[in-house]
Amino acid sequence: MQRVLVCAIEDLPPGTMKLVPAGKFGVGVYNVGGTVYAIANYCSHEGAPLCLGAVRGTTEYAPEEPGFLRYVRDGEIVRCPWHQWEFDITTGKSLANPRKRVRTYEVDVIDGQVYLTA
């Protein structure tokens, strides 16, 4: 494992991602609401380049309106570009099957610089 400089934090505003050539498949470094996370660019389903997928939220049942869904967790979910599997950027867990996951990596912001340990 080595520490890699990703970028200055101002170059990674909330809602953006940088793909870093680290690890075996690359690592996506995401700013989710001001907190930085990193996941492998590899879908645990069939190996797709996960970080090329759309970042969005997900739906959940609205208990106050039975039978209705509401949109939640905007910007926290990446959807695989091949088969639409969804993963939580903050934990690496699959939404459909929490036993499935993608690798997460340590990220630090020090003196305005984003560092990845991979």
# chains A, B, ... in the order shown; residues from 1 in each chain; ligands from 1
call {"tool": "select_by_dssp", "arguments": {"residues": "chain A", "states": "strand (DSSP E)", "output": "PyMOL selection string"}}
result
chain A and resi 3-8+17-20+27-32+35-40+54-61+69-79+86-88+104-110+113-117
call {"tool": "residues_around", "arguments": {"residues": "Glu106 in chain A", "least_positions_apart": "3", "cutoff": "12 Å", "atoms": "only C-alpha atoms", "output": "ChimeraX atom specification"}}
result
/A:1-4,27-30,36-40,90-91,103,109,114-118
call {"tool": "select_by_dssp", "arguments": {"residues": "chain A", "states": "helix (DSSP H, G or I)", "output": "list in words"}}
result
Ile9, Glu10, Asp11, Leu50, Cys51 and Leu52 of chain A
call {"tool": "atom_distance", "arguments": {"atom1": "CA of Val102 in chain A", "atom2": "CA of Ile89 in chain A"}}
result
9.0 Å
